[in-house]
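Participant: Sharing work.pdb (PDB, C-alpha atoms) below.
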```pdb
MODEL        1
ATOM      1  CA  MET A  30      93.243 -59.944 -23.824
ATOM      2  CA  ASN A  31      93.103 -60.034 -27.609
ATOM      3  CA  LEU A  32      93.796 -62.804 -30.095
ATOM      4  CA  GLU A  33      97.486 -62.005 -30.450
ATOM      5  CA  SER A  34      98.189 -61.961 -26.707
ATOM      6  CA  VAL A  35      96.287 -65.222 -26.115
ATOM      7  CA  MET A  36      98.179 -66.958 -28.926
ATOM      8  CA  GLN A  37     101.466 -65.746 -27.444
ATOM      9  CA  GLU A  38     100.557 -67.117 -24.010
ATOM     10  CA  LEU A  39      99.470 -70.445 -25.467
ATOM     11  CA  GLU A  40     102.669 -70.743 -27.485
ATOM     12  CA  ALA A  41     104.753 -70.085 -24.364
ATOM     13  CA  LEU A  42     102.940 -72.940 -22.579
ATOM     14  CA  GLY A  43     103.516 -75.454 -25.368
ATOM     15  CA  LYS A  44     105.579 -78.579 -24.726
ATOM     16  CA  GLU A  45     107.034 -80.828 -27.419
ATOM     17  CA  ARG A  46     106.067 -83.980 -25.512
ATOM     18  CA  THR A  47     102.418 -82.881 -25.212
ATOM     19  CA  LYS A  48     102.430 -81.878 -28.865
ATOM     20  CA  LYS A  49     103.534 -85.368 -29.888
ATOM     21  CA  ILE A  50     100.776 -86.929 -27.771
ATOM     22  CA  TYR A  51      98.148 -84.767 -29.476
ATOM     23  CA  GLN A  52      99.579 -85.573 -32.890
ATOM     24  CA  SER A  53      99.461 -89.302 -32.138
ATOM     25  CA  ASN A  54      95.727 -88.855 -31.515
ATOM     26  CA  GLY A  55      95.096 -87.042 -34.791
ATOM     27  CA  ALA A  56      96.060 -83.393 -34.253
ATOM     28  CA  HIS A  57      98.134 -81.735 -36.955
ATOM     29  CA  GLU A  58      99.975 -78.474 -37.404
ATOM     30  CA  PRO A  59      99.501 -75.767 -36.376
ATOM     31  CA  LEU A  60      99.565 -76.607 -32.653
ATOM     32  CA  PHE A  61     101.737 -75.793 -29.635
ATOM     33  CA  GLY A  62     101.110 -78.760 -27.314
ATOM     34  CA  VAL A  63      99.496 -77.059 -24.316
ATOM     35  CA  ALA A  64      98.243 -79.276 -21.488
ATOM     36  CA  THR A  65      94.608 -78.378 -20.832
ATOM     37  CA  GLY A  66      95.223 -77.705 -17.140
ATOM     38  CA  GLN A  67      97.784 -75.072 -18.099
ATOM     39  CA  MET A  68      95.028 -73.041 -19.762
ATOM     40  CA  LYS A  69      93.176 -72.287 -16.512
ATOM     41  CA  PRO A  70      95.145 -69.135 -15.574
ATOM     42  CA  ILE A  71      94.385 -67.633 -19.007
ATOM     43  CA  PHE A  72      90.700 -68.558 -18.607
ATOM     44  CA  ARG A  73      90.580 -66.805 -15.232
ATOM     45  CA  LYS A  74      91.753 -63.605 -16.915
ATOM     46  CA  ILE A  75      89.262 -63.834 -19.791
ATOM     47  CA  LYS A  76      86.221 -65.752 -18.442
ATOM     48  CA  ARG A  77      83.563 -66.070 -21.166
ATOM     49  CA  ASN A  78      84.210 -64.202 -24.398
ATOM     50  CA  GLN A  79      82.389 -65.462 -27.463
ATOM     51  CA  SER A  80      83.901 -63.067 -30.000
ATOM     52  CA  LEU A  81      87.429 -64.020 -28.906
ATOM     53  CA  ALA A  82      86.429 -67.704 -28.909
ATOM     54  CA  GLU A  83      85.346 -67.375 -32.541
ATOM     55  CA  GLN A  84      88.670 -65.783 -33.498
ATOM     56  CA  LEU A  85      90.629 -68.516 -31.716
ATOM     57  CA  TYR A  86      88.610 -71.322 -33.301
ATOM     58  CA  ALA A  87      89.124 -69.830 -36.754
ATOM     59  CA  THR A  88      92.930 -70.027 -36.441
ATOM     60  CA  GLY A  89      92.915 -73.788 -37.074
ATOM     61  CA  ASN A  90      95.495 -74.133 -34.290
ATOM     62  CA  TYR A  91      94.458 -77.098 -32.127
ATOM     63  CA  ASP A  92      95.354 -75.481 -28.792
ATOM     64  CA  ALA A  93      93.572 -72.264 -29.755
ATOM     65  CA  MET A  94      90.504 -74.223 -30.911
ATOM     66  CA  TYR A  95      90.418 -76.142 -27.629
ATOM     67  CA  PHE A  96      90.751 -72.933 -25.621
ATOM     68  CA  ALA A  97      87.940 -71.437 -27.712
ATOM     69  CA  GLY A  98      85.681 -74.105 -26.223
ATOM     70  CA  VAL A  99      86.856 -73.173 -22.726
ATOM     71  CA  ILE A 100      85.933 -69.477 -23.043
ATOM     72  CA  ALA A 101      82.927 -69.847 -25.379
ATOM     73  CA  ASP A 102      79.494 -68.641 -24.312
ATOM     74  CA  PRO A 103      77.308 -71.521 -25.568
ATOM     75  CA  LYS A 104      74.070 -69.601 -25.082
ATOM     76  CA  ALA A 105      75.346 -66.956 -27.495
ATOM     77  CA  MET A 106      75.831 -69.597 -30.204
ATOM     78  CA  SER A 107      73.228 -70.490 -32.815
ATOM     79  CA  GLU A 108      72.781 -73.766 -34.662
ATOM     80  CA  SER A 109      74.682 -72.309 -37.634
ATOM     81  CA  ASP A 110      77.581 -71.451 -35.307
ATOM     82  CA  PHE A 111      77.744 -75.059 -34.145
ATOM     83  CA  GLU A 112      77.548 -76.260 -37.750
ATOM     84  CA  ARG A 113      80.553 -74.073 -38.530
ATOM     85  CA  TRP A 114      82.439 -75.412 -35.509
ATOM     86  CA  ILE A 115      81.739 -79.065 -36.317
ATOM     87  CA  ASP A 116      82.862 -78.417 -39.916
ATOM     88  CA  GLY A 117      86.185 -77.226 -38.516
ATOM     89  CA  ALA A 118      86.565 -80.129 -36.080
ATOM     90  CA  TYR A 119      89.003 -82.286 -38.006
ATOM     91  CA  PHE A 120      89.549 -85.005 -35.367
ATOM     92  CA  TYR A 121      87.725 -86.455 -32.382
ATOM     93  CA  MET A 122      89.393 -84.383 -29.655
ATOM     94  CA  LEU A 123      87.730 -81.354 -31.253
ATOM     95  CA  SER A 124      84.419 -82.928 -32.282
ATOM     96  CA  ASP A 125      83.770 -84.785 -29.005
ATOM     97  CA  PHE A 126      85.623 -82.734 -26.382
ATOM     98  CA  VAL A 127      85.190 -79.185 -27.696
ATOM     99  CA  VAL A 128      82.163 -78.951 -29.977
ATOM    100  CA  ALA A 129      79.978 -81.604 -28.299
ATOM    101  CA  VAL A 130      80.828 -80.305 -24.818
ATOM    102  CA  THR A 131      79.996 -76.711 -25.756
ATOM    103  CA  LEU A 132      76.761 -77.789 -27.456
ATOM    104  CA  ALA A 133      75.738 -79.699 -24.317
ATOM    105  CA  GLU A 134      75.356 -76.407 -22.447
ATOM    106  CA  THR A 135      72.663 -75.099 -24.799
ATOM    107  CA  ASP A 136      68.895 -75.446 -25.113
ATOM    108  CA  ILE A 137      69.270 -76.717 -28.696
ATOM    109  CA  ALA A 138      71.648 -79.552 -27.750
ATOM    110  CA  GLN A 139      69.358 -82.509 -28.410
ATOM    111  CA  GLU A 140      67.950 -81.020 -31.610
ATOM    112  CA  VAL A 141      71.393 -80.437 -33.125
ATOM    113  CA  ALA A 142      72.866 -83.700 -31.815
ATOM    114  CA  ASP A 143      69.970 -85.661 -33.360
ATOM    115  CA  LYS A 144      70.796 -84.206 -36.790
ATOM    116  CA  TRP A 145      74.474 -85.061 -36.434
ATOM    117  CA  ILE A 146      73.727 -88.635 -35.366
ATOM    118  CA  ALA A 147      71.564 -89.071 -38.470
ATOM    119  CA  SER A 148      74.205 -87.569 -40.794
ATOM    120  CA  ASP A 149      76.272 -90.702 -41.594
ATOM    121  CA  ILE A 150      79.400 -88.507 -41.281
ATOM    122  CA  GLU A 151      81.834 -90.045 -38.771
ATOM    123  CA  LEU A 152      82.818 -87.063 -36.618
ATOM    124  CA  ARG A 153      79.346 -85.512 -36.723
ATOM    125  CA  MET A 154      77.870 -88.810 -35.555
ATOM    126  CA  SER A 155      80.553 -89.112 -32.901
ATOM    127  CA  ALA A 156      79.888 -85.559 -31.690
ATOM    128  CA  GLY A 157      76.138 -86.190 -31.601
ATOM    129  CA  TRP A 158      76.412 -89.332 -29.493
ATOM    130  CA  SER A 159      79.057 -87.685 -27.309
ATOM    131  CA  CYS A 160      76.830 -84.670 -26.739
ATOM    132  CA  TYR A 161      74.157 -86.981 -25.326
ATOM    133  CA  CYS A 162      76.775 -88.501 -23.015
ATOM    134  CA  TRP A 163      77.620 -85.040 -21.671
ATOM    135  CA  LEU A 164      73.906 -84.231 -21.343
ATOM    136  CA  LEU A 165      72.931 -87.462 -19.577
ATOM    137  CA  GLY A 166      75.887 -87.136 -17.236
ATOM    138  CA  ASN A 167      74.868 -83.649 -16.154
ATOM    139  CA  ARG A 168      71.148 -82.955 -16.501
ATOM    140  CA  PRO A 169      68.229 -84.386 -14.480
ATOM    141  CA  ASP A 170      66.705 -87.603 -15.853
ATOM    142  CA  SER A 171      63.390 -85.775 -16.201
ATOM    143  CA  GLU A 172      64.766 -83.709 -19.108
ATOM    144  CA  PHE A 173      64.917 -86.751 -21.375
ATOM    145  CA  SER A 174      62.311 -88.874 -23.103
ATOM    146  CA  GLU A 175      62.685 -92.434 -21.852
ATOM    147  CA  GLU A 176      61.231 -93.752 -25.094
ATOM    148  CA  LYS A 177      63.728 -91.750 -27.149
ATOM    149  CA  ILE A 178      66.750 -92.888 -25.157
ATOM    150  CA  ALA A 179      65.510 -96.494 -25.357
ATOM    151  CA  ASP A 180      65.204 -96.176 -29.144
ATOM    152  CA  MET A 181      68.756 -94.809 -29.296
ATOM    153  CA  LEU A 182      70.007 -97.858 -27.396
ATOM    154  CA  GLU A 183      68.265-100.069 -29.958
ATOM    155  CA  ILE A 184      69.921 -98.173 -32.823
ATOM    156  CA  ILE A 185      73.314 -98.742 -31.226
ATOM    157  CA  LYS A 186      72.600-102.425 -30.634
ATOM    158  CA  ASN A 187      71.808-102.883 -34.321
ATOM    159  CA  THR A 188      74.524-100.691 -35.880
ATOM    160  CA  ILE A 189      77.554-100.256 -33.619
ATOM    161  CA  HIS A 190      79.647-103.062 -35.103
ATOM    162  CA  ASP A 191      79.375-101.529 -38.581
ATOM    163  CA  ALA A 192      79.672 -97.879 -37.508
ATOM    164  CA  PRO A 193      82.697 -95.668 -38.323
ATOM    165  CA  GLU A 194      85.590 -95.982 -35.864
ATOM    166  CA  ARG A 195      85.142 -92.848 -33.752
ATOM    167  CA  THR A 196      81.380 -93.306 -33.776
ATOM    168  CA  LYS A 197      81.899 -96.733 -32.192
ATOM    169  CA  TYR A 198      83.714 -95.106 -29.272
ATOM    170  CA  ALA A 199      80.924 -92.576 -28.750
ATOM    171  CA  MET A 200      78.181 -95.193 -29.082
ATOM    172  CA  ASN A 201      79.936 -97.472 -26.595
ATOM    173  CA  ASN A 202      80.228 -94.538 -24.187
ATOM    174  CA  PHE A 203      76.518 -93.786 -24.667
ATOM    175  CA  ILE A 204      75.576 -97.293 -23.499
ATOM    176  CA  TYR A 205      77.809 -96.869 -20.453
ATOM    177  CA  THR A 206      76.472 -93.377 -19.684
ATOM    178  CA  VAL A 207      72.833 -94.461 -19.881
ATOM    179  CA  ALA A 208      73.564 -97.383 -17.549
ATOM    180  CA  VAL A 209      75.327 -95.189 -15.006
ATOM    181  CA  SER A 210      73.701 -91.751 -15.266
ATOM    182  CA  TYR A 211      70.153 -92.362 -16.563
ATOM    183  CA  LEU A 212      68.573 -94.625 -13.972
ATOM    184  CA  PRO A 213      65.200 -95.213 -15.726
ATOM    185  CA  LEU A 214      67.020 -97.282 -18.365
ATOM    186  CA  HIS A 215      69.846 -98.772 -16.346
ATOM    187  CA  ASP A 216      68.588-102.328 -16.816
ATOM    188  CA  LYS A 217      68.014-101.893 -20.549
ATOM    189  CA  ALA A 218      71.487-100.403 -21.040
ATOM    190  CA  VAL A 219      73.019-103.338 -19.164
ATOM    191  CA  GLU A 220      71.090-105.729 -21.412
ATOM    192  CA  VAL A 221      72.159-103.905 -24.589
ATOM    193  CA  ALA A 222      75.782-103.877 -23.432
ATOM    194  CA  LYS A 223      75.646-107.669 -23.043
ATOM    195  CA  GLU A 224      74.020-108.160 -26.445
ATOM    196  CA  VAL A 225      76.527-105.888 -28.154
ATOM    197  CA  GLY A 226      79.511-107.545 -26.477
ATOM    198  CA  PRO A 227      83.097-106.478 -27.252
ATOM    199  CA  VAL A 228      83.362-103.916 -30.065
ATOM    200  CA  GLU A 229      86.512-104.002 -32.178
ATOM    201  CA  VAL A 230      88.055-100.657 -33.100
ATOM    202  CA  ASN A 231      91.014 -99.915 -35.367
ATOM    203  CA  ARG A 232      90.383-103.279 -36.970
ATOM    204  CA  GLY A 233      93.272-104.710 -38.924
ATOM    205  CA  THR A 234      95.880-102.341 -37.469
ATOM    206  CA  ALA A 235      98.587-102.682 -34.847
ATOM    207  CA  LYS A 236      96.412-100.581 -32.516
ATOM    208  CA  SER A 237      93.361-102.839 -32.829
ATOM    209  CA  LYS A 238      91.511-103.246 -29.535
ATOM    210  CA  PHE A 239      88.098-104.042 -28.102
ATOM    211  CA  LEU A 240      85.664-101.777 -26.252
ATOM    212  CA  ASN A 241      83.416-103.443 -23.692
ATOM    213  CA  ALA A 242      80.674-101.371 -22.071
ATOM    214  CA  SER A 243      79.626-104.265 -19.808
ATOM    215  CA  VAL A 244      82.988-104.356 -18.062
ATOM    216  CA  ASN A 245      82.985-100.609 -17.407
ATOM    217  CA  ILE A 246      79.378-100.623 -16.228
ATOM    218  CA  GLN A 247      80.196-103.364 -13.750
ATOM    219  CA  LYS A 248      83.126-101.336 -12.422
ATOM    220  CA  ALA A 249      80.818 -98.340 -11.929
ATOM    221  CA  VAL A 250      78.299-100.531 -10.074
ATOM    222  CA  GLU A 251      81.042-101.832  -7.795
ATOM    223  CA  LYS A 252      82.144 -98.264  -7.053
ATOM    224  CA  GLU A 253      78.505 -97.313  -6.296
ATOM    225  CA  ARG A 254      78.480 -94.646  -8.994
ATOM    226  CA  LEU A 255      74.968 -95.322 -10.304
ATOM    227  CA  GLY A 256      73.071 -92.060 -10.638
ATOM    228  CA  PHE A 257      76.290 -90.061 -11.073
ATOM    229  CA  LYS A 258      75.816 -86.528 -12.431
ATOM    230  CA  ARG A 259      78.529 -83.947 -13.087
ATOM    231  CA  LYS A 260      77.975 -80.542 -11.539
ATOM    232  CA  TYR A 261      79.334 -78.872 -14.679
ATOM    233  CA  VAL A 262      79.783 -80.062 -18.256
ATOM    234  CA  ARG A 263      82.877 -77.960 -18.834
ATOM    235  CA  CYS A 264      85.561 -77.915 -16.154
TER     236      CYS A 264
ENDMDL
END
```
As a first step, turn the structure in this file into C-alpha coordinates.

Facilitator:
Amino acid sequence: MNLESVMQELEALGKERTKKIYQSNGAHEPLFGVATGQMKPIFRKIKRNQSLAEQLYATGNYDAMYFAGVIADPKAMSESDFERWIDGAYFYMLSDFVVAVTLAETDIAQEVADKWIASDIELRMSAGWSCYCWLLGNRPDSEFSEEKIADMLEIIKNTIHDAPERTKYAMNNFIYTVAVSYLPLHDKAVEVAKEVGPVEVNRGTAKSKFLNASVNIQKAVEKERLGFKRKYVRC
(Lines of atoms letter the chains of each structure in order from A and count residues from 1; the text may use other names and numbers.)
(Lines give C-alpha, C1' and ligand atoms only; values in the text may rest on other atoms or scores of the structure.)
Protein backbone atom coordinates (compact mmCIF):
# COMPACT_ATOMS: atom_id res chain seq x y z
CA MET A 1 0.00 0.00 0.00
CA ASN A 2 1.15 3.54 -0.69
CA LEU A 3 0.40 6.83 1.04
CA GLU A 4 -2.65 7.62 -1.08
CA SER A 5 -4.31 4.23 -0.56
CA VAL A 6 -3.70 4.29 3.21
CA MET A 7 -5.15 7.80 3.50
CA GLN A 8 -8.22 6.67 1.55
CA GLU A 9 -8.74 3.69 3.86
CA LEU A 10 -8.32 5.84 6.96
CA GLU A 11 -10.77 8.42 5.65
CA ALA A 12 -13.35 5.70 4.99
CA LEU A 13 -13.03 4.54 8.61
CA GLY A 14 -13.52 8.00 10.09
CA LYS A 15 -16.50 8.72 12.33
CA GLU A 16 -17.74 12.19 13.27
CA ARG A 17 -18.31 11.16 16.89
CA THR A 18 -14.73 9.86 17.26
CA LYS A 19 -13.43 12.99 15.55
CA LYS A 20 -15.18 15.19 18.10
CA ILE A 21 -13.71 13.15 20.97
CA TYR A 22 -10.19 13.61 19.57
CA GLN A 23 -10.79 17.31 19.05
CA SER A 24 -11.99 17.70 22.64
CA ASN A 25 -8.61 16.28 23.71
CA GLY A 26 -6.59 18.69 21.57
CA ALA A 27 -6.55 17.28 18.03
CA HIS A 28 -7.22 19.70 15.20
CA GLU A 29 -7.82 19.50 11.48
CA PRO A 30 -6.88 17.64 9.41
CA LEU A 31 -8.22 14.42 10.96
CA PHE A 32 -10.80 11.76 10.10
CA GLY A 33 -11.74 10.36 13.53
CA VAL A 34 -10.60 6.74 13.21
CA ALA A 35 -10.89 4.52 16.28
CA THR A 36 -7.48 2.95 16.91
CA GLY A 37 -8.87 -0.59 16.88
CA GLN A 38 -10.18 0.01 13.37
CA MET A 39 -6.60 0.44 12.14
CA LYS A 40 -5.59 -3.18 12.82
CA PRO A 41 -6.73 -4.62 9.46
CA ILE A 42 -4.64 -2.00 7.62
CA PHE A 43 -1.65 -2.80 9.87
CA ARG A 44 -1.96 -6.50 9.05
CA LYS A 45 -1.63 -5.66 5.36
CA ILE A 46 1.38 -3.37 5.83
CA LYS A 47 3.23 -4.63 8.95
CA ARG A 48 6.32 -2.49 9.60
CA ASN A 49 7.18 0.10 6.97
CA GLN A 50 9.32 3.00 8.10
CA SER A 51 9.35 4.95 4.83
CA LEU A 52 5.54 4.87 4.68
CA ALA A 53 5.37 5.79 8.38
CA GLU A 54 7.47 8.88 7.68
CA GLN A 55 5.16 9.93 4.84
CA LEU A 56 2.07 9.45 7.01
CA TYR A 57 3.54 11.38 9.93
CA ALA A 58 4.46 14.27 7.64
CA THR A 59 0.83 14.75 6.53
CA GLY A 60 -0.08 16.46 9.82
CA ASN A 61 -3.31 14.45 9.81
CA TYR A 62 -3.83 13.11 13.35
CA ASP A 63 -5.11 9.68 12.28
CA ALA A 64 -2.27 9.28 9.79
CA MET A 65 0.29 10.37 12.41
CA TYR A 66 -1.11 7.85 14.90
CA PHE A 67 -1.03 5.08 12.30
CA ALA A 68 2.56 6.06 11.49
CA GLY A 69 3.43 5.04 15.04
CA VAL A 70 1.66 1.71 14.54
CA ILE A 71 3.68 0.73 11.44
CA ALA A 72 6.97 2.46 12.34
CA ASP A 73 10.16 0.45 12.70
CA PRO A 74 11.67 2.07 15.83
CA LYS A 75 15.06 0.44 15.35
CA ALA A 76 15.34 2.15 11.96
CA MET A 77 14.87 5.56 13.60
CA SER A 78 17.72 7.78 14.77
CA GLU A 79 17.68 10.40 17.51
CA SER A 80 17.19 13.11 14.86
CA ASP A 81 14.14 11.22 13.55
CA PHE A 82 12.61 11.24 17.02
CA GLU A 83 13.44 14.93 17.40
CA ARG A 84 11.55 15.58 14.17
CA TRP A 85 8.59 13.50 15.37
CA ILE A 86 8.39 15.22 18.76
CA ASP A 87 8.55 18.60 16.99
CA GLY A 88 5.47 17.57 15.03
CA ALA A 89 3.60 16.22 18.06
CA TYR A 90 1.27 19.13 18.73
CA PHE A 91 -0.76 17.57 21.58
CA TYR A 92 -0.35 14.87 24.20
CA MET A 93 -2.02 12.01 22.31
CA LEU A 94 0.83 12.29 19.80
CA SER A 95 3.68 13.10 22.19
CA ASP A 96 2.82 10.46 24.82
CA PHE A 97 1.00 7.75 22.87
CA VAL A 98 2.80 7.84 19.51
CA VAL A 99 6.27 9.33 19.89
CA ALA A 100 7.03 8.14 23.44
CA VAL A 101 5.66 4.65 22.71
CA THR A 102 7.74 4.30 19.54
CA LEU A 103 10.86 5.61 21.31
CA ALA A 104 10.36 3.04 24.09
CA GLU A 105 11.16 0.24 21.64
CA THR A 106 14.65 1.55 20.90
CA ASP A 107 18.09 1.23 22.50
CA ILE A 108 18.37 5.03 22.74
CA ALA A 109 15.10 5.44 24.67
CA GLN A 110 16.51 6.51 28.03
CA GLU A 111 19.12 8.79 26.49
CA VAL A 112 16.56 10.69 24.40
CA ALA A 113 13.90 10.71 27.12
CA ASP A 114 16.40 12.19 29.60
CA LYS A 115 17.02 15.13 27.24
CA TRP A 116 13.31 15.74 26.78
CA ILE A 117 12.65 15.67 30.53
CA ALA A 118 15.36 18.29 31.02
CA SER A 119 14.03 20.52 28.21
CA ASP A 120 11.44 22.59 30.14
CA ILE A 121 9.14 22.23 27.10
CA GLU A 122 5.76 20.80 28.17
CA LEU A 123 5.14 18.08 25.58
CA ARG A 124 8.80 17.07 25.39
CA MET A 125 8.86 16.68 29.16
CA SER A 126 5.58 14.79 29.06
CA ALA A 127 6.89 12.47 26.33
CA GLY A 128 10.11 11.87 28.26
CA TRP A 129 8.36 10.88 31.48
CA SER A 130 5.81 8.85 29.51
CA CYS A 131 8.58 7.00 27.69
CA TYR A 132 9.95 5.86 31.05
CA CYS A 133 6.47 4.64 32.00
CA TRP A 134 6.34 2.51 28.84
CA LEU A 135 9.88 1.27 29.51
CA LEU A 136 9.33 0.39 33.18
CA GLY A 137 6.08 -1.34 32.33
CA ASN A 138 7.73 -3.58 29.76
CA ARG A 139 11.43 -4.17 30.39
CA PRO A 140 13.12 -6.18 33.17
CA ASP A 141 13.95 -4.23 36.34
CA SER A 142 17.62 -5.07 35.78
CA GLU A 143 17.77 -2.70 32.78
CA PHE A 144 17.37 0.35 35.00
CA SER A 145 19.62 2.11 37.48
CA GLU A 146 17.88 2.07 40.86
CA GLU A 147 19.73 5.22 41.87
CA LYS A 148 18.60 7.02 38.71
CA ILE A 149 14.95 6.06 39.10
CA ALA A 150 15.08 7.09 42.77
CA ASP A 151 16.51 10.48 41.77
CA MET A 152 13.70 10.89 39.23
CA LEU A 153 11.13 10.25 41.97
CA GLU A 154 12.79 12.98 44.04
CA ILE A 155 12.63 15.41 41.10
CA ILE A 156 8.91 14.73 40.76
CA LYS A 157 8.32 15.13 44.48
CA ASN A 158 9.94 18.57 44.38
CA THR A 159 8.53 19.89 41.08
CA ILE A 160 5.25 18.22 40.10
CA HIS A 161 2.93 20.83 41.58
CA ASP A 162 4.59 23.58 39.53
CA ALA A 163 5.09 21.55 36.34
CA PRO A 164 3.20 22.22 33.07
CA GLU A 165 -0.22 20.56 32.86
CA ARG A 166 0.52 17.56 30.63
CA THR A 167 3.84 17.01 32.38
CA LYS A 168 1.92 16.65 35.65
CA TYR A 169 -0.08 13.78 34.16
CA ALA A 170 3.07 12.01 32.97
CA MET A 171 4.91 12.58 36.26
CA ASN A 172 1.94 11.26 38.24
CA ASN A 173 1.86 8.19 36.00
CA PHE A 174 5.61 7.72 36.53
CA ILE A 175 5.12 7.49 40.31
CA TYR A 176 2.36 4.93 39.79
CA THR A 177 4.39 2.92 37.26
CA VAL A 178 7.46 2.74 39.50
CA ALA A 179 5.28 1.57 42.40
CA VAL A 180 3.61 -1.13 40.33
CA SER A 181 6.18 -2.22 37.73
CA TYR A 182 9.60 -1.49 39.27
CA LEU A 183 9.66 -3.54 42.46
CA PRO A 184 13.07 -2.36 43.81
CA LEU A 185 11.53 1.07 44.47
CA HIS A 186 7.94 0.16 45.25
CA ASP A 187 8.18 1.42 48.83
CA LYS A 188 9.87 4.67 47.83
CA ALA A 189 7.27 5.34 45.13
CA VAL A 190 4.49 4.75 47.66
CA GLU A 191 6.17 7.20 50.03
CA VAL A 192 6.61 9.84 47.30
CA ALA A 193 2.98 9.43 46.23
CA LYS A 194 1.89 10.17 49.81
CA GLU A 195 4.18 13.19 50.10
CA VAL A 196 3.03 14.59 46.77
CA GLY A 197 -0.66 14.07 47.57
CA PRO A 198 -3.41 15.16 45.15
CA VAL A 199 -2.12 17.08 42.12
CA GLU A 200 -4.44 19.67 40.61
CA VAL A 201 -4.61 19.83 36.82
CA ASN A 202 -6.47 22.29 34.60
CA ARG A 203 -6.44 24.67 37.53
CA GLY A 204 -8.96 27.47 37.38
CA THR A 205 -11.05 25.90 34.61
CA ALA A 206 -14.36 24.06 34.52
CA LYS A 207 -12.40 20.84 33.90
CA SER A 208 -10.18 21.23 36.97
CA LYS A 209 -9.52 17.92 38.72
CA PHE A 210 -7.03 16.17 40.97
CA LEU A 211 -4.66 13.31 40.18
CA ASN A 212 -3.80 10.98 43.06
CA ALA A 213 -1.13 8.33 42.50
CA SER A 214 -1.65 6.88 46.00
CA VAL A 215 -5.24 5.90 45.26
CA ASN A 216 -4.32 4.18 42.00
CA ILE A 217 -1.35 2.40 43.56
CA GLN A 218 -3.59 1.05 46.29
CA LYS A 219 -6.05 -0.25 43.69
CA ALA A 220 -3.19 -2.04 41.90
CA VAL A 221 -2.05 -3.59 45.20
CA GLU A 222 -5.57 -4.82 45.89
CA LYS A 223 -5.74 -6.37 42.42
CA GLU A 224 -2.34 -8.05 43.02
CA ARG A 225 -0.79 -6.32 40.02
CA LEU A 226 2.59 -5.56 41.60
CA GLY A 227 5.38 -6.58 39.24
CA PHE A 228 3.14 -6.16 36.18
CA LYS A 229 4.99 -6.03 32.85
CA ARG A 230 3.44 -5.67 29.39
CA LYS A 231 4.52 -8.24 26.83
CA TYR A 232 4.63 -5.54 24.15
CA VAL A 233 4.87 -1.76 24.29
CA ARG A 234 2.82 -1.26 21.15
CA CYS A 235 -0.37 -3.27 20.74

Participant: Counting only C-alpha atoms, which residues of range 188-242 of chain A sit at most 8 Å from some atom of range 145-169 of chain A, and what is each one's closest atom pair with its distance in Å to one decimal, listed by chain and rising residue number, as a Markdown table?

Facilitator:
```
| residue | atom | partner | partner_atom | distance |
| --- | --- | --- | --- | --- |
| A:Pro193 | CA | A:Glu151 | CA | 5.7 |
| A:Glu194 | CA | A:Glu151 | CA | 7.6 |
| A:Arg195 | CA | A:Ser155 | CA | 6.0 |
| A:Thr196 | CA | A:Ser155 | CA | 4.4 |
| A:Lys197 | CA | A:Ser155 | CA | 7.8 |
| A:Tyr198 | CA | A:Ser155 | CA | 7.7 |
| A:Ala199 | CA | A:Ser155 | CA | 5.4 |
| A:Met200 | CA | A:Trp158 | CA | 6.1 |
| A:Asn202 | CA | A:Cys162 | CA | 7.1 |
| A:Phe203 | CA | A:Cys162 | CA | 5.5 |
| A:Thr206 | CA | A:Cys162 | CA | 5.9 |
| A:Val207 | CA | A:Leu165 | CA | 7.0 |
| A:Ser210 | CA | A:Gly166 | CA | 5.5 |
| A:Tyr211 | CA | A:Leu165 | CA | 6.4 |
```

Participant: How many Å separate CA of Val219 in chain A from CA of Tyr261 in chain A?

Facilitator: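 Going from CA of Val219 in chain A over to CA of Tyr261 in chain A, I get 25.7 Å.
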
Participant: Residues at most 9 Å from Tyr119 in chain A, counting only C-alpha atoms, excluding those fewer than 4 positions away in the same chain, as a PyMOL selection string?

Facilitator: chain A and resi 55-56+115+123-124+152

Participant: Any idea what the distance is between CA of Ile189 in chain A and CA of Ala218 in chain A?

Facilitator: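 Interatomic distance, CA of Ile189 in chain A to CA of Ala218 in chain A: 14.0 Å.
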
Participant: Rounded to one decimal in Å, what is the spacing between CA of Leu212 in chain A and CA of Asp170 in chain A?

Facilitator: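 If I compute the distance from CA of Leu212 in chain A to CA of Asp170 in chain A, I get 7.5 Å.
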
Participant: Please evaluate the PyMOL selection byres ((chain A and resi 246) around 9) against the structure above and give the resulting residues as a VMD selection string.

Facilitator: chain A and resid 204 to 206 208 to 209 219 222 241 to 245 247 to 251

Participant: Report the centre and edge lengths, in Å to one decimal, of an axis-aligned box enclosing every atom of range 158-172 of chain A listed in the file, padded by 8 Å on each side, as lines of an AutoDock Vina configuration file.

Facilitator:
```
center_x = 71.2
center_y = -86.1
center_z = -22.0
size_x = 31.7
size_y = 22.4
size_z = 31.0
```

Participant: Identify which of the residues A:Met122, A:Val35, A:Val228, A:Leu255 lies closest to Lys74 in chain A, counting all atoms listed in the file when measuring atom-to-atom distances.

Facilitator: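 Answer, going by the shortest atom-to-atom distance: A:Val35.
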
Participant: I want to know what sits within 9 Å of range 104-109 of chain A, based on only C-alpha atoms, with residues of the same chain fewer than 4 positions away left out; could you give that as a VMD selection string?

Facilitator: chain A and resid 79 113 to 114 132 134 to 137 141

Participant: Would you mind listing what lies within 9 Å of Leu39 in chain A as a VMD selection string, with all atoms listed in the file counted and same-chain residues fewer than 5 positions away left out?

Facilitator: chain A and resid 34 61 to 63 67 to 68 71 92 to 93

Participant: With all atoms listed in the file as the atoms that count, which of A:Arg259, A:Leu42, A:Gln52, A:Leu81 lies nearest to Met30 in chain A?

Facilitator: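 Checking each candidate against Met30 in chain A, we get A:Leu81 as the closest.
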
Participant: Nearest to Ala101 in chain A: which of A:Phe173, A:Phe72, A:Phe257, A:Tyr121 is it, counting only C-alpha atoms?

Facilitator: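 Under the stated criterion, the closest residue is A:Phe72.
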